[in-house]
$ cat query-v1.txt   # compact mmCIF, C-alpha atoms
# COMPACT_ATOMS: atom_id res chain seq x y z
CA MET A 1 2.99 -25.23 -8.22
CA SER A 2 4.49 -22.24 -9.97
CA PHE A 3 4.64 -18.80 -8.38
CA ARG A 4 2.17 -17.38 -10.90
CA SER A 5 -0.34 -20.18 -10.37
CA ILE A 6 -0.33 -19.53 -6.61
CA PHE A 7 -0.18 -15.73 -6.81
CA TYR A 8 -2.71 -15.53 -9.61
CA ARG A 9 -3.26 -11.79 -9.09
CA TYR A 10 0.36 -11.03 -9.92
CA PRO A 11 0.44 -8.94 -13.14
CA GLU A 12 1.27 -11.00 -16.21
CA PHE A 13 3.50 -8.31 -17.75
CA LEU A 14 5.80 -7.99 -14.72
CA PRO A 15 8.82 -10.28 -14.31
CA ILE A 16 9.29 -12.32 -11.16
CA PRO A 17 11.48 -11.86 -9.18
CA LEU A 18 10.81 -8.11 -9.34
CA VAL A 19 13.28 -5.42 -8.27
CA LEU A 20 11.81 -2.14 -7.04
CA ASP A 21 13.72 1.13 -6.89
CA GLY A 22 15.39 2.84 -3.94
CA ALA A 23 14.97 6.13 -2.09
CA THR A 24 13.82 8.98 -4.30
CA GLY A 25 13.83 11.66 -1.59
CA THR A 26 17.29 11.09 -0.17
CA SER A 27 18.67 10.60 -3.68
CA LEU A 28 17.30 13.99 -4.73
CA GLN A 29 18.79 15.57 -1.61
CA ARG A 30 22.20 14.26 -2.65
CA ARG A 31 21.64 16.07 -5.94
CA GLY A 32 21.00 19.40 -4.27
CA MET A 33 17.34 19.41 -3.22
CA PRO A 34 17.17 21.55 -0.05
CA LYS A 35 15.65 20.13 3.14
CA GLY A 36 12.10 21.20 3.85
CA VAL A 37 11.06 22.08 0.30
CA SER A 38 8.21 20.44 -1.56
CA THR A 39 9.77 17.56 -3.48
CA GLU A 40 7.08 17.82 -6.14
CA LEU A 41 7.64 21.54 -6.76
CA TRP A 42 11.42 21.14 -6.75
CA VAL A 43 11.24 18.29 -9.27
CA ASP A 44 8.95 20.39 -11.45
CA GLU A 45 11.69 23.02 -11.53
CA ASN A 46 14.51 20.46 -11.91
CA PRO A 47 13.05 17.54 -13.92
CA GLU A 48 16.46 16.34 -15.07
CA MET A 49 17.19 15.36 -11.46
CA ILE A 50 14.36 12.80 -11.18
CA VAL A 51 15.42 11.32 -14.52
CA ASP A 52 18.99 11.04 -13.20
CA VAL A 53 17.85 9.37 -9.96
CA GLN A 54 15.73 6.85 -11.83
CA ARG A 55 18.54 6.14 -14.28
CA GLU A 56 20.76 5.27 -11.30
CA PHE A 57 18.20 2.76 -10.03
CA ILE A 58 17.54 1.29 -13.47
CA ASP A 59 21.26 0.85 -14.11
CA ALA A 60 21.49 -0.90 -10.73
CA GLY A 61 18.80 -3.37 -11.80
CA ALA A 62 15.40 -1.94 -10.89
CA ASP A 63 12.45 -3.26 -12.91
CA VAL A 64 9.99 -0.69 -11.53
CA VAL A 65 10.55 2.95 -10.59
CA ASN A 66 8.11 5.28 -8.84
CA SER A 67 6.83 8.46 -10.39
CA PRO A 68 7.58 11.62 -8.33
CA ASN A 69 3.91 12.12 -7.35
CA PHE A 70 4.36 10.96 -3.74
CA GLY A 71 3.14 14.21 -2.12
CA GLY A 72 0.93 15.24 -5.02
CA SER A 73 -2.47 15.19 -3.33
CA ARG A 74 -4.45 18.42 -3.42
CA PHE A 75 -4.21 18.63 0.38
CA ARG A 76 -0.41 18.62 0.40
CA LEU A 77 0.04 20.79 -2.68
CA THR A 78 -2.42 23.53 -1.77
CA HIS A 79 -0.71 23.70 1.62
CA ARG A 80 2.42 24.56 -0.38
CA GLY A 81 0.63 27.33 -2.25
CA VAL A 82 -0.41 25.43 -5.38
CA LYS A 83 -3.79 26.53 -6.73
CA SER A 84 -6.46 23.81 -6.82
CA SER A 85 -6.73 24.19 -10.59
CA GLU A 86 -3.01 23.41 -10.93
CA VAL A 87 -2.99 20.17 -8.92
CA ALA A 88 -3.89 17.82 -11.78
CA PRO A 89 -1.61 19.54 -14.35
CA LEU A 90 1.31 19.36 -11.92
CA ASN A 91 0.70 15.65 -11.33
CA ARG A 92 0.63 15.07 -15.10
CA ARG A 93 3.92 16.91 -15.55
CA LEU A 94 5.60 15.02 -12.72
CA ILE A 95 4.79 11.55 -14.02
CA GLY A 96 5.55 12.77 -17.52
CA TYR A 97 9.20 13.45 -16.60
CA SER A 98 9.57 9.84 -15.48
CA ARG A 99 7.65 8.48 -18.47
CA ALA A 100 9.88 10.29 -20.95
CA GLY A 101 13.04 9.08 -19.22
CA ILE A 102 11.88 5.47 -19.07
CA ASP A 103 10.65 5.46 -22.67
CA ALA A 104 14.01 6.76 -23.84
CA ARG A 105 15.81 4.12 -21.81
CA ASN A 106 13.54 1.27 -22.99
CA ALA A 107 13.98 2.33 -26.62
CA SER A 108 17.76 2.13 -26.33
CA ASP A 109 18.04 -0.96 -24.12
CA ARG A 110 19.94 -3.69 -25.91
CA ALA A 111 19.55 -6.23 -23.10
CA GLY A 112 15.82 -6.40 -23.62
CA ARG A 113 14.95 -5.77 -19.95
CA PRO A 114 11.97 -3.40 -19.92
CA VAL A 115 11.44 -0.99 -17.03
CA PHE A 116 7.97 -0.12 -15.74
CA LEU A 117 6.59 3.04 -14.18
CA ALA A 118 4.42 3.03 -11.04
CA GLY A 119 2.10 5.98 -10.51
CA ASN A 120 2.98 6.78 -6.93
CA THR A 121 0.83 8.15 -4.10
CA ALA A 122 1.25 8.50 -0.35
CA PRO A 123 -0.70 9.66 2.73
CA SER A 124 -2.71 12.76 1.93
CA GLY A 125 -1.82 14.69 5.06
CA ARG A 126 -5.41 14.54 6.33
CA PHE A 127 -7.14 12.12 8.69
CA LEU A 128 -10.51 10.52 8.13
CA GLU A 129 -13.50 11.01 10.39
CA PRO A 130 -14.13 10.26 13.24
CA TYR A 131 -10.44 10.67 14.18
CA GLY A 132 -9.90 13.59 11.81
CA ASP A 133 -11.91 16.18 9.93
CA ALA A 134 -11.82 14.73 6.40
CA THR A 135 -14.68 12.68 4.99
CA PHE A 136 -14.17 9.48 3.07
CA GLU A 137 -15.39 11.14 -0.14
CA GLU A 138 -12.94 14.05 0.26
CA ILE A 139 -9.99 11.68 0.57
CA PHE A 140 -11.30 9.47 -2.24
CA ASP A 141 -11.75 12.45 -4.57
CA ALA A 142 -8.23 13.73 -3.88
CA TYR A 143 -6.70 10.37 -4.78
CA LYS A 144 -8.98 10.02 -7.79
CA GLU A 145 -7.72 13.37 -9.04
CA GLN A 146 -4.14 12.10 -8.82
CA ALA A 147 -5.01 8.74 -10.35
CA GLU A 148 -6.74 10.33 -13.34
CA ALA A 149 -3.74 12.58 -13.94
CA MET A 150 -1.27 9.68 -13.82
CA GLU A 151 -3.28 6.91 -15.50
CA PRO A 152 -2.31 7.52 -19.15
CA MET A 153 1.40 7.31 -18.32
CA ALA A 154 1.50 4.73 -15.50
CA ASP A 155 2.02 1.01 -16.10
CA LEU A 156 0.69 0.27 -12.62
CA PHE A 157 -0.13 2.13 -9.40
CA PHE A 158 1.61 2.11 -6.03
CA ALA A 159 0.06 3.43 -2.81
CA GLU A 160 3.05 3.49 -0.48
CA THR A 161 4.19 4.51 3.00
CA GLU A 162 0.56 4.25 4.06
CA ILE A 163 -0.07 4.87 7.75
CA SER A 164 -3.75 4.01 8.04
CA LEU A 165 -5.91 1.30 6.52
CA ALA A 166 -8.89 3.65 6.26
CA GLU A 167 -7.01 6.10 4.04
CA CYS A 168 -5.31 3.38 2.01
CA ARG A 169 -8.73 1.89 1.20
CA ALA A 170 -9.80 5.23 -0.24
CA ASN A 171 -6.57 5.40 -2.23
CA VAL A 172 -6.98 1.92 -3.71
CA LEU A 173 -10.66 2.49 -4.51
CA ALA A 174 -9.69 5.68 -6.32
CA PHE A 175 -7.20 3.76 -8.47
CA LYS A 176 -9.86 1.18 -9.23
CA ALA A 177 -12.38 3.85 -10.12
CA VAL A 178 -10.26 5.20 -12.98
CA SER A 179 -8.27 2.20 -14.23
CA ASP A 180 -7.94 -1.55 -14.41
CA LYS A 181 -4.15 -1.39 -14.15
CA PRO A 182 -2.48 -3.38 -11.35
CA VAL A 183 -2.18 -1.91 -7.86
CA MET A 184 0.54 -2.32 -5.25
CA ALA A 185 -0.10 -1.17 -1.67
CA SER A 186 2.49 -0.80 1.06
CA PHE A 187 2.35 0.31 4.70
CA THR A 188 4.95 1.54 7.12
CA ILE A 189 5.09 -0.45 10.34
CA GLY A 190 5.62 1.11 13.76
CA GLU A 191 6.31 -0.19 17.23
CA GLY A 192 4.17 -3.13 18.22
CA GLY A 193 4.08 -4.42 14.65
CA ARG A 194 1.13 -2.25 13.59
CA THR A 195 0.65 0.68 11.26
CA LEU A 196 0.85 4.14 12.75
CA GLY A 197 -2.98 4.11 12.68
CA GLY A 198 -3.07 0.96 14.82
CA ASP A 199 -3.98 -1.46 12.02
CA THR A 200 -2.71 -5.03 12.10
CA PRO A 201 -0.78 -6.28 9.04
CA LEU A 202 -3.22 -9.18 8.62
CA CYS A 203 -6.27 -6.95 8.53
CA CYS A 204 -4.57 -4.64 6.03
CA LEU A 205 -3.86 -7.60 3.75
CA LEU A 206 -7.33 -9.16 4.08
CA THR A 207 -9.10 -5.84 3.52
CA LEU A 208 -7.08 -4.73 0.50
CA ALA A 209 -7.20 -8.18 -1.10
CA GLU A 210 -11.00 -7.81 -1.18
CA LEU A 211 -10.52 -4.55 -3.09
CA GLY A 212 -8.37 -6.27 -5.73
CA VAL A 213 -4.82 -5.28 -4.77
CA ASN A 214 -2.28 -7.33 -6.73
CA ILE A 215 0.85 -6.91 -4.58
CA PHE A 216 0.90 -6.03 -0.87
CA GLY A 217 3.62 -5.32 1.64
CA PHE A 218 5.63 -2.87 3.68
CA ASN A 219 8.10 -0.08 3.05
CA CYS A 220 9.98 2.57 5.00
CA SER A 221 9.62 1.72 8.75
CA ASP A 222 12.79 1.69 10.87
CA GLY A 223 14.57 -0.92 8.82
CA PRO A 224 14.24 -4.40 7.33
CA GLU A 225 13.96 -6.34 10.60
CA ARG A 226 10.54 -4.91 11.45
CA ILE A 227 9.33 -5.54 7.90
CA TYR A 228 10.64 -9.10 8.05
CA ASP A 229 8.62 -9.71 11.24
CA ALA A 230 5.45 -8.26 9.67
CA LEU A 231 5.76 -10.32 6.50
CA LYS A 232 6.52 -13.60 8.21
CA GLU A 233 2.97 -14.06 9.54
CA LEU A 234 1.37 -13.04 6.24
CA VAL A 235 2.97 -15.46 3.79
CA PRO A 236 0.39 -18.29 4.11
CA TYR A 237 -2.54 -15.84 3.95
CA ALA A 238 -1.08 -14.06 0.93
CA ALA A 239 -0.64 -17.43 -0.81
CA GLY A 240 -4.26 -18.29 -0.07
CA LEU A 241 -5.43 -14.97 -1.46
CA GLY A 242 -3.19 -14.98 -4.55
CA VAL A 243 -1.63 -11.64 -3.54
CA ALA A 244 2.17 -11.44 -3.87
CA LEU A 245 4.13 -9.75 -1.07
CA LEU A 246 6.67 -6.92 -1.29
CA ALA A 247 9.39 -5.46 0.92
CA LYS A 248 10.97 -2.02 0.48
CA PRO A 249 12.70 -1.19 3.78
CA ASN A 250 14.71 1.79 4.92
CA ALA A 251 18.45 1.42 5.38
CA GLY A 252 17.92 1.42 9.12
CA MET A 253 17.31 4.59 11.12
CA PRO A 254 18.33 8.16 10.20
CA VAL A 255 21.43 9.57 11.90
CA GLU A 256 21.96 13.34 12.07
CA LEU A 257 25.53 14.38 11.19
CA PRO A 258 27.32 17.43 12.67
CA ASP A 259 26.96 19.35 9.39
CA GLY A 260 23.18 18.85 9.37
CA ARG A 261 23.16 16.11 6.75
CA ARG A 262 21.36 12.88 7.48
CA GLU A 263 22.60 9.38 6.84
CA TYR A 264 21.03 6.01 7.58
CA SER A 265 22.41 3.50 10.03
CA MET A 266 22.67 0.41 7.78
CA LYS A 267 25.27 0.07 5.05
CA PRO A 268 24.60 -2.40 2.21
CA ASP A 269 26.53 -5.18 3.96
CA GLU A 270 24.11 -4.90 6.92
CA PHE A 271 20.98 -4.27 4.86
CA LEU A 272 21.30 -7.02 2.27
CA PRO A 273 21.42 -10.01 4.66
CA TRP A 274 17.95 -8.94 5.83
CA ILE A 275 16.75 -8.82 2.22
CA GLN A 276 18.00 -12.40 1.86
CA LYS A 277 16.01 -13.40 4.95
CA ILE A 278 12.93 -11.74 3.45
CA ILE A 279 13.45 -13.58 0.17
CA ASP A 280 13.75 -16.82 2.16
CA LEU A 281 10.21 -16.19 3.45
CA GLY A 282 8.94 -16.40 -0.13
CA VAL A 283 8.90 -12.66 -0.88
CA PHE A 284 10.26 -11.98 -4.35
CA VAL A 285 9.32 -8.32 -4.85
CA CYS A 286 11.99 -6.24 -3.10
CA GLY A 287 13.63 -2.82 -3.21
CA GLY A 288 14.72 -0.08 -0.84
CA CYS A 289 13.29 3.01 0.81
CA CYS A 290 14.91 5.90 2.70
CA GLY A 291 18.69 5.88 2.58
CA THR A 292 19.04 3.30 -0.20
CA ASP A 293 20.86 4.26 -3.40
CA GLY A 294 22.01 2.34 -6.46
CA GLU A 295 24.51 0.30 -4.48
CA TYR A 296 21.73 -1.16 -2.34
CA ILE A 297 19.51 -1.86 -5.33
CA LYS A 298 22.37 -3.56 -7.15
CA GLY A 299 22.71 -5.88 -4.16
CA VAL A 300 18.97 -6.57 -4.15
CA ARG A 301 19.16 -7.40 -7.87
CA GLU A 302 21.98 -9.88 -7.25
CA LEU A 303 20.11 -11.62 -4.44
CA LEU A 304 16.84 -11.86 -6.34
CA GLY A 305 18.72 -13.01 -9.42
CA LYS A 306 19.72 -16.14 -7.52
CA ALA A 307 16.17 -16.86 -6.32
CA ASP A 308 13.71 -19.29 -7.89
CA PRO A 309 10.13 -18.33 -6.97
CA ASP A 310 8.74 -21.48 -8.60
CA ALA A 311 10.76 -23.68 -6.25
CA PHE A 312 9.34 -22.20 -3.04
CA ASN A 313 6.97 -24.41 -1.05
CA TYR A 314 4.06 -22.19 0.03
CA LYS A 315 1.50 -23.42 2.56
CA ALA A 316 -1.66 -21.49 1.79
CA ALA A 317 -4.11 -20.49 4.51
CA ASP A 318 -7.84 -20.04 3.87
CA SER A 319 -9.04 -16.66 5.16
CA THR A 320 -12.56 -16.80 3.69
CA LEU A 321 -14.27 -16.81 7.09
CA ILE A 322 -11.87 -14.46 8.85
CA ALA A 323 -13.39 -11.07 9.67
CA CYS A 324 -11.40 -8.14 11.01
CA THR A 325 -11.60 -4.56 12.07
CA ASN A 326 -8.41 -2.54 11.79
CA SER A 327 -7.15 -4.07 15.04
CA ARG A 328 -9.21 -7.18 15.89
CA THR A 329 -9.69 -10.49 14.08
CA ALA A 330 -12.19 -13.33 14.45
CA GLU A 331 -13.05 -16.56 12.65
CA ILE A 332 -16.74 -16.63 11.76
CA PRO A 333 -18.60 -19.97 11.88
CA PRO A 334 -20.21 -20.86 8.55
CA THR A 335 -23.57 -21.17 10.36
CA ALA A 336 -23.39 -17.66 11.85
CA LYS A 337 -26.13 -16.32 9.57
CA LYS A 338 -28.83 -17.96 11.69
CA ASP A 339 -27.83 -15.77 14.65
CA ALA A 340 -28.04 -12.46 12.75
CA VAL A 341 -29.55 -9.48 14.57
CA LYS A 342 -31.38 -6.88 12.51
CA VAL A 343 -29.60 -3.52 12.62
CA SER A 344 -32.98 -1.82 12.73
CA SER A 345 -33.80 -3.63 15.99
CA ILE A 346 -30.76 -2.31 17.90
CA THR A 347 -31.63 0.72 20.00
CA ASP A 348 -28.37 1.03 21.95
CA PHE A 349 -25.20 -0.10 20.15
CA ASP A 350 -23.01 0.30 23.25
CA ASP A 351 -25.30 -1.99 25.22
CA PHE A 352 -25.52 -4.43 22.31
CA ALA A 353 -21.72 -4.66 22.05
CA ASP A 354 -21.28 -5.07 25.82
CA ASN A 355 -23.65 -8.05 25.90
CA LEU A 356 -22.27 -10.04 22.96
CA GLU A 357 -21.11 -13.52 23.90
CA GLU A 358 -18.66 -13.75 20.99
CA ASN A 359 -15.80 -11.47 19.90
CA TYR A 360 -17.69 -10.66 16.70
CA ALA A 361 -21.17 -9.44 15.74
CA VAL A 362 -23.58 -10.99 13.24
CA LEU A 363 -25.85 -8.34 11.73
CA ARG A 364 -28.60 -8.18 9.14
CA LEU A 365 -28.87 -5.10 6.90
CA ASP A 366 -32.14 -4.72 5.05
CA SER A 367 -31.92 -1.17 3.72
CA GLN A 368 -29.78 1.85 2.92
CA GLU A 369 -30.92 3.26 6.27
CA ASP A 370 -29.47 0.21 8.03
CA ALA A 371 -26.14 0.78 6.25
CA ASP A 372 -26.08 4.43 7.35
CA THR A 373 -27.01 3.51 10.92
CA LEU A 374 -24.21 0.96 11.11
CA LYS A 375 -21.66 3.47 9.77
CA GLU A 376 -22.71 5.96 12.43
CA ASN A 377 -22.26 3.45 15.26
CA LEU A 378 -18.97 1.80 14.37
CA LEU A 379 -17.15 3.40 17.30
CA SER A 380 -19.50 1.51 19.59
CA LEU A 381 -19.26 -1.67 17.53
CA ASN A 382 -15.50 -1.85 17.03
CA MET A 383 -15.31 -5.59 16.44
CA PRO A 384 -15.20 -8.03 13.51
CA LEU A 385 -18.49 -8.23 11.65
CA CYS A 386 -20.46 -10.91 9.83
CA LEU A 387 -23.14 -9.43 7.58
CA THR A 388 -26.20 -10.80 5.84
CA GLY A 389 -29.29 -9.33 4.23
CA ASP A 390 -29.68 -6.94 1.30
CA GLN A 391 -26.62 -7.02 -0.96
CA ASP A 392 -26.91 -3.37 -2.02
CA ALA A 393 -27.07 -2.24 1.61
CA ILE A 394 -24.06 -4.40 2.47
CA ALA A 395 -22.11 -3.00 -0.49
CA GLU A 396 -22.93 0.55 0.59
CA PHE A 397 -21.67 -0.15 4.09
CA THR A 398 -18.51 -2.04 3.16
CA ARG A 399 -17.37 0.66 0.72
CA GLU A 400 -16.25 2.77 3.67
CA TYR A 401 -15.76 0.04 6.27
CA CYS A 402 -12.23 -0.07 7.64
CA GLY A 403 -11.86 -3.81 7.81
CA LYS A 404 -13.03 -7.03 6.21
CA ALA A 405 -16.54 -8.25 6.95
CA VAL A 406 -17.56 -11.85 6.29
CA VAL A 407 -20.71 -11.75 4.15
CA LEU A 408 -23.08 -14.70 4.29
CA ILE A 409 -26.04 -14.31 1.89

$ encode --input "query-v1.txt" --output "structure tokens"
Amino acid sequence: MSFRSIFYRYPEFLPIPLVLDGATGTSLQRRGMPKGVSTELWVDENPEMIVDVQREFIDAGADVVNSPNFGGSRFRLTHRGVKSSEVAPLNRRLIGYSRAGIDARNASDRAGRPVFLAGNTAPSGRFLEPYGDATFEEIFDAYKEQAEAMEPMADLFFAETEISLAECRANVLAFKAVSDKPVMASFTIGEGGRTLGGDTPLCCLLTLAELGVNIFGFNCSDGPERIYDALKELVPYAAGLGVALLAKPNAGMPVELPDGRREYSMKPDEFLPWIQKIIDLGVFVCGGCCGTDGEYIKGVRELLGKADPDAFNYKAADSTLIACTNSRTAEIPPTAKKDAVKVSSITDFDDFADNLEENYAVLRLDSQEDADTLKENLLSLNMPLCLTGDQDAIAEFTREYCGKAVVLI
């Protein structure tokens, strides 16, 4: 089977293999951006610099470049002194610099290789309740504000360097609320092979696939080896879900130099063999993150140019009956519905969870009140869920649920 027939969610207008860009932040620093400043405000004052960075990556072979809206949420910008009323206009200007540069390049390209622009977002700088003080709607609204500002000029969206599944869900839902353009989502992986929020890679994939993400993967982290390990277990599940995988690793770890500058530990000749190993897993969307410049991306282009996605033999896994919280996974029997417990009948959720015989719960929601009750008690019921009952109540609950529930109607 061809790559596109297996990964049916992969955008039709994008080529495959697909080369992503490299490190915007470190590339801007090499062009004079001071440490510690707001990248977004500095780019707004020096727009020619982002155009120059993106030209470097395009000349090296990138098919997709990220807009400079990474830290453009209202939470991050107002912390830097930007007025709330200026957040959306600033986001429009930032993506506009990239759009103008790419349009000029595409108009003059004689090779006929178009370049695409990803409207780029990142962690908001706030944490969702109950672990932080931000509500789901506050985070959702902040990302929606960015998405609306970028939508007219973006070819697709990219939520990257995500550290928590809960926040990434809000980000993806915000994209979906304003546009039907494709969405890529990418997490950074920490020690233990989980996100910094404790989410497992599999649960991140399963959850975001339900929301309609087209391409999923990992970026940043402490180098390509950790990303390779995270991707390896996901390939069969991604093939079963039709969601293509991506890798955009750092060039190793940062190293502080005596003069205060920072370099990364992996040169291209150390970095690129790991990209080849990632390609050998069946991952054909690759680029670079912190520390990677045009030389790295040129190497990625050469490696992907030799790859044939249609020749790869994928073994797809069926995840239909797999439920997960951010950190726990369970396979739900297809007959589980008969064991459903009404949410309205549970008087003590701690006691209910302690006395479950399985590592999952089967619950029946019959009303909006049931959905609200279940939301309020998720700390007590931190386990994979199988849901049945009223579809509207289930939809209300799952909109904010940090995980994938198996729904049996």

$ residues_around --input "query-v1.txt" --residues "Thr207 (chain A)" --least-positions-apart "4" --cutoff "7 Å" --atoms "all atoms listed in the file" --output "ChimeraX atom specification"
/A:203,211,403-404

$ closest_residue --input "query-v1.txt" --among "A:Ile163, A:Val406, A:Val235, A:Val43" --to "Asn69 (chain A)" --atoms "only C-alpha atoms"
A:Val43

$ residues_around --input "query-v1.txt" --residues "Gly125 (chain A)" --least-positions-apart "5" --cutoff "10 Å" --atoms "all atoms listed in the file" --output "ChimeraX atom specification"
/A:71,73-76,79,139

$ closest_residue --input "query-v1.txt" --among "A:Thr200, A:Val183, A:Thr373, A:Glu225" --to "Val213 (chain A)" --atoms "only C-alpha atoms"
A:Val183

$ residues_near_point --input "query-v1.txt" --point "(16.2, 16.8, -12.8)" --cutoff "12 Å" --atoms "only C-alpha atoms" --output "PyMOL selection string"
chain A and resi 24+27-29+31-33+39-55+68+94+97-98+101

$ write_last_selection --input "query-v1.txt" --atoms "C-alpha atoms" --output "PDB file, in the coordinates of the input"
ATOM      1  CA  THR A  24      13.820   8.980  -4.300  1.00  0.00           C
ATOM      2  CA  SER A  27      18.670  10.600  -3.680  1.00  0.00           C
ATOM      3  CA  LEU A  28      17.300  13.990  -4.730  1.00  0.00           C
ATOM      4  CA  GLN A  29      18.790  15.570  -1.610  1.00  0.00           C
ATOM      5  CA  ARG A  31      21.640  16.070  -5.940  1.00  0.00           C
ATOM      6  CA  GLY A  32      21.000  19.400  -4.270  1.00  0.00           C
ATOM      7  CA  MET A  33      17.340  19.410  -3.220  1.00  0.00           C
ATOM      8  CA  THR A  39       9.770  17.560  -3.480  1.00  0.00           C
ATOM      9  CA  GLU A  40       7.080  17.820  -6.140  1.00  0.00           C
ATOM     10  CA  LEU A  41       7.640  21.540  -6.760  1.00  0.00           C
ATOM     11  CA  TRP A  42      11.420  21.140  -6.750  1.00  0.00           C
ATOM     12  CA  VAL A  43      11.240  18.290  -9.270  1.00  0.00           C
ATOM     13  CA  ASP A  44       8.950  20.390 -11.450  1.00  0.00           C
ATOM     14  CA  GLU A  45      11.690  23.020 -11.530  1.00  0.00           C
ATOM     15  CA  ASN A  46      14.510  20.460 -11.910  1.00  0.00           C
ATOM     16  CA  PRO A  47      13.050  17.540 -13.920  1.00  0.00           C
ATOM     17  CA  GLU A  48      16.460  16.340 -15.070  1.00  0.00           C
ATOM     18  CA  MET A  49      17.190  15.360 -11.460  1.00  0.00           C
ATOM     19  CA  ILE A  50      14.360  12.800 -11.180  1.00  0.00           C
ATOM     20  CA  VAL A  51      15.420  11.320 -14.520  1.00  0.00           C
ATOM     21  CA  ASP A  52      18.990  11.040 -13.200  1.00  0.00           C
ATOM     22  CA  VAL A  53      17.850   9.370  -9.960  1.00  0.00           C
ATOM     23  CA  GLN A  54      15.730   6.850 -11.830  1.00  0.00           C
ATOM     24  CA  ARG A  55      18.540   6.140 -14.280  1.00  0.00           C
ATOM     25  CA  PRO A  68       7.580  11.620  -8.330  1.00  0.00           C
ATOM     26  CA  LEU A  94       5.600  15.020 -12.720  1.00  0.00           C
ATOM     27  CA  TYR A  97       9.200  13.450 -16.600  1.00  0.00           C
ATOM     28  CA  SER A  98       9.570   9.840 -15.480  1.00  0.00           C
ATOM     29  CA  GLY A 101      13.040   9.080 -19.220  1.00  0.00           C
TER      30      GLY A 101
END

$ residues_near_point --input "query-v1.txt" --point "(-11.7, 15.0, 6.3)" --cutoff "12 Å" --atoms "all atoms listed in the file" --output "NGL selection string"
:A and (75 or 124-142 or 166-167 or 170)

$ closest_residue --input "query-v1.txt" --among "A:Pro123, A:Gly212, A:Gly240, A:Pro334" --to "Thr188 (chain A)" --atoms "all atoms listed in the file"
A:Pro123

$ atom_distance --input "query-v1.txt" --atom1 "CA of Ser85 (chain A)" --atom2 "CA of Val65 (chain A)"
27.4 Å

$ atom_distance --input "query-v1.txt" --atom1 "CA of Arg80 (chain A)" --atom2 "CA of Ser38 (chain A)"
7.2 Å

$ closest_residue --input "query-v1.txt" --among "A:Pro258, A:Pro268, A:Gly287, A:Asp180" --to "Val64 (chain A)" --atoms "all atoms listed in the file"
A:Gly287

$ residues_around --input "query-v1.txt" --residues "Asp370 (chain A)" --least-positions-apart "5" --cutoff "12 Å" --atoms "all atoms listed in the file" --output "list in words"
Val341, Lys342, Val343, Ser344, Ser345, Ile346, Leu363, Arg364, Leu365, Lys375, Glu376, Asn377, Leu387, Thr388, Gly389, Asp390, Gln391, Asp392, Ala393, Ile394, Ala395, Glu396 and Phe397 of chain A

$ write_last_selection --input "query-v1.txt" --atoms "C-alpha atoms" --output "CSV table (one decimal), keeping the file's coordinate frame"
chain,number,residue,atom,x,y,z
A,341,VAL,CA,-29.6,-9.5,14.6
A,342,LYS,CA,-31.4,-6.9,12.5
A,343,VAL,CA,-29.6,-3.5,12.6
A,344,SER,CA,-33.0,-1.8,12.7
A,345,SER,CA,-33.8,-3.6,16.0
A,346,ILE,CA,-30.8,-2.3,17.9
A,363,LEU,CA,-25.8,-8.3,11.7
A,364,ARG,CA,-28.6,-8.2,9.1
A,365,LEU,CA,-28.9,-5.1,6.9
A,375,LYS,CA,-21.7,3.5,9.8
A,376,GLU,CA,-22.7,6.0,12.4
A,377,ASN,CA,-22.3,3.4,15.3
A,387,LEU,CA,-23.1,-9.4,7.6
A,388,THR,CA,-26.2,-10.8,5.8
A,389,GLY,CA,-29.3,-9.3,4.2
A,390,ASP,CA,-29.7,-6.9,1.3
A,391,GLN,CA,-26.6,-7.0,-1.0
A,392,ASP,CA,-26.9,-3.4,-2.0
A,393,ALA,CA,-27.1,-2.2,1.6
A,394,ILE,CA,-24.1,-4.4,2.5
A,395,ALA,CA,-22.1,-3.0,-0.5
A,396,GLU,CA,-22.9,0.6,0.6
A,397,PHE,CA,-21.7,-0.2,4.1

$ atom_distance --input "query-v1.txt" --atom1 "CA of Leu303 (chain A)" --atom2 "CA of Pro201 (chain A)"
25.4 Å

$ residues_around --input "query-v1.txt" --residues "region 315-328 of chain A" --least-positions-apart "3" --cutoff "8 Å" --atoms "only C-alpha atoms" --output "ChimeraX atom specification"
/A:165,198-200,203-204,206,235-241,331-334,382-386,402-406

$ residues_around --input "query-v1.txt" --residues "Gly61 (chain A)" --least-positions-apart "4" --cutoff "7 Å" --atoms "all atoms listed in the file" --output "list of chain:residue names"
A:Val19, A:Phe57, A:Ile297, A:Lys298, A:Arg301

$ write_last_selection --input "query-v1.txt" --atoms "C-alpha atoms" --output "PDB file, in the coordinates of the input"
ATOM      1  CA  VAL A  19      13.280  -5.420  -8.270  1.00  0.00           C
ATOM      2  CA  PHE A  57      18.200   2.760 -10.030  1.00  0.00           C
ATOM      3  CA  ILE A 297      19.510  -1.860  -5.330  1.00  0.00           C
ATOM      4  CA  LYS A 298      22.370  -3.560  -7.150  1.00  0.00           C
ATOM      5  CA  ARG A 301      19.160  -7.400  -7.870  1.00  0.00           C
TER       6      ARG A 301
END

$ decode --input "query-v1.txt" --residues "region 290-301 of chain A" --atoms "C-alpha atoms" --output "CSV table (one decimal), in the first residue's frame"
chain,number,residue,atom,x,y,z
A,290,CYS,CA,17.4,24.0,18.7
A,291,GLY,CA,21.0,24.3,17.3
A,292,THR,CA,20.2,23.2,13.8
A,293,ASP,CA,21.0,25.6,10.9
A,294,GLY,CA,20.9,25.3,7.1
A,295,GLU,CA,23.7,22.7,7.1
A,296,TYR,CA,21.7,20.3,9.2
A,297,ILE,CA,18.5,20.8,7.1
A,298,LYS,CA,20.5,20.3,3.9
A,299,GLY,CA,21.6,16.9,5.3
A,300,VAL,CA,18.0,16.0,6.2
A,301,ARG,CA,16.9,16.9,2.7
